[in-house]
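Note sheet for the following structure.
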Amino acid sequence: MQQLPHCPKCSSEYTWQDGEMFNCPECGNEWSALGDTAAQDDELIVKDAHGNLLADGDTVTIIKDLKVKGSSSPLKIGTRVKGIRLVEGDHNIDCKIEGFGAMKLKSEFVKKS
C-alpha cells in the first residue's frame with residue numbers, strides 16, 4: 001500500500017488523492033501529486049476568474065465594472081492593470097491603476113492578459 005504524504009500546510013496525516021491532486025480534509029489545502037513545489041513551499045497561489053495562475057508582475061484585465069469606495073466613478077470593464085503584486089487576504093492583488101492610484105482587487109474579478 002502506498003503511503004500518502006502529509007499535508008504541507010497543516011501536517012495532517014489524513015490526506016487523500018484525487019487524480020493528480022492531493023487533498024487535505026482538515027485545512028482544505030490542495031497540491032499537485034506531480035511534485036508541484038509551489039504549494040509545498042507555502043508560496044502564495046492565486047488564480048484569476050478563469051482558473052489561470054497569477055504571478056507577481058503579471059498584467060490583468062478587469063472583467064466587470066467595480067464600484068470604488070470614495071470615488072464617484074467605477075473601475076470599468078476592460079481596464080488593464082500592469083505589474084500586480086500578490087498578497088494574502090480577501091483582496092489578494094495589490095496594484096496601481098492609472099487615474100485611481102493604489103488599489104486592492106479580488107482575483108475573482110480579473111483575468112490574466
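Chain labels A, B, ... are given in the sequence in which chains occur in the C-alpha cells; within each chain residues are numbered consecutively from 1, and ligands are likewise numbered from 1 in the order shown.
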Q.
When you look at A:Val87 with a cut-off of 12 Å (counting only C-alpha atoms), what residues show up, excluding the ones that are within fewer than 3 positions of it in the same chain? I need them as an MDAnalysis selection string.
A. chainID A and resid 43:46 54:56 84 90:95 104:107
Q. Looking only at the backbone, which of the residues in chain A does DSSP tag as strand (DSSP E), as an MDAnalysis selection string?
A. chainID A and resid 16:18 21:23 30:32 46:47 53:54 60:62 80:81 85:86 93:97 101:105 110:112
Q.
So the first atom is atom CA of A:Pro5 and the second is atom CA of A:Asp48; what is the distance between them in Å, to one decimal place?
A.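 Answer for the atom CA of A:Pro5 to atom CA of A:Asp48 separation: 28.0 Å.
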Q) Which of these residues is nearest to A:Asn29, using only C-alpha atoms: A:Arg85, A:Pro8, A:Lys111, A:Ala49? A) A:Pro8
**Q.** Backbone-only DSSP, alpha helix (DSSP H) members of chain A, as a list in words
**A.**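 Those residues are Thr37, Ala38, Ala39 and Gln40 of chain A.
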Q: Rank A:Gln17, A:Leu4, A:Phe109, A:Glu98 by their smallest atom-to-atom distance to A:Leu66, using only C-alpha atoms, and report the top residue only.
A: A:Phe109
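Taking atom CA of A:Ile62 and atom CA of A:His50 as the two end points, the separation is 12.1 Å.
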List as a PDB file with N, CA and C atoms, in the first residue's frame the protein and nucleic acid residues near A:Val68, meaning an atom at most 12 Å away when only C-alpha atoms are counted, but skip any in the same chain fewer than 6 places from it.
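The resulting selection.pdb:
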ATOM      1  N   PRO A  74     -16.815  54.256 -11.277  1.00  0.00           N
ATOM      2  CA  PRO A  74     -16.373  52.874 -11.066  1.00  0.00           C
ATOM      3  C   PRO A  74     -15.157  52.536 -11.935  1.00  0.00           C
ATOM      4  N   LEU A  75     -14.504  51.423 -11.600  1.00  0.00           N
ATOM      5  CA  LEU A  75     -13.480  50.875 -12.491  1.00  0.00           C
ATOM      6  C   LEU A  75     -14.232  50.157 -13.599  1.00  0.00           C
ATOM      7  N   LYS A  76     -13.968  50.493 -14.825  1.00  0.00           N
ATOM      8  CA  LYS A  76     -14.725  49.953 -15.961  1.00  0.00           C
ATOM      9  C   LYS A  76     -14.200  48.596 -16.404  1.00  0.00           C
ATOM     10  N   ILE A  97      -3.547  51.649 -10.363  1.00  0.00           N
ATOM     11  CA  ILE A  97      -4.360  51.820 -11.559  1.00  0.00           C
ATOM     12  C   ILE A  97      -4.311  53.281 -11.967  1.00  0.00           C
ATOM     13  N   PHE A 100      -6.675  56.145 -10.739  1.00  0.00           N
ATOM     14  CA  PHE A 100      -7.256  55.795  -9.444  1.00  0.00           C
ATOM     15  C   PHE A 100      -6.209  55.724  -8.340  1.00  0.00           C
ATOM     16  N   GLY A 101      -4.998  55.312  -8.667  1.00  0.00           N
ATOM     17  CA  GLY A 101      -3.946  55.167  -7.675  1.00  0.00           C
ATOM     18  C   GLY A 101      -3.848  53.750  -7.138  1.00  0.00           C
ATOM     19  N   ALA A 102      -3.339  53.615  -5.923  1.00  0.00           N
ATOM     20  CA  ALA A 102      -3.139  52.295  -5.312  1.00  0.00           C
ATOM     21  C   ALA A 102      -4.483  51.657  -4.994  1.00  0.00           C
ATOM     22  N   MET A 103      -4.617  50.372  -5.333  1.00  0.00           N
ATOM     23  CA  MET A 103      -5.876  49.650  -5.128  1.00  0.00           C
ATOM     24  C   MET A 103      -5.574  48.235  -4.664  1.00  0.00           C
ATOM     25  N   LYS A 104      -6.575  47.623  -4.065  1.00  0.00           N
ATOM     26  CA  LYS A 104      -6.567  46.190  -3.768  1.00  0.00           C
ATOM     27  C   LYS A 104      -7.743  45.599  -4.525  1.00  0.00           C
ATOM     28  N   LEU A 105      -7.492  44.496  -5.249  1.00  0.00           N
ATOM     29  CA  LEU A 105      -8.536  43.848  -6.042  1.00  0.00           C
ATOM     30  C   LEU A 105      -8.684  42.401  -5.613  1.00  0.00           C
TER      31      LEU A 105
END
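When only C-alpha atoms are used to compute distances to A:Trp31, the closest of the residues A:Lys9, A:Lys96, A:Ile63, A:Tyr14 turns out to be A:Lys9.
For the atom pair formed by atom CA of A:Cys7 and atom CA of A:Gly51, the distance is 22.4 Å, given to one decimal.
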Q) Contacts of A:Glu30 at 8 Å or less, counting only C-alpha atoms, minus same-chain residues fewer than 6 places along, as a list in words? A)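 My list of contacting residues is Met21, Phe22, Asn23, Cys24 and Ala39 of chain A.
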Next, dump the selected residues to file, keeping only C-alpha atoms, as a CSV table (one decimal), in the first residue's frame.
chain,number,residue,atom,x,y,z
A,21,MET,CA,-4.0,16.1,-6.8
A,22,PHE,CA,-3.7,15.5,-3.1
A,23,ASN,CA,-6.3,17.0,-0.8
A,24,CYS,CA,-6.4,17.7,3.0
A,39,ALA,CA,2.2,24.7,-2.6
Q: Considering only C-alpha atoms, state which residue in the set A:Gln3, A:Thr79, A:Ser12, A:Ser73 is at the smallest distance from A:Thr61.
A: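 With only C-alpha atoms as the atom set, the closest residue is A:Thr79.
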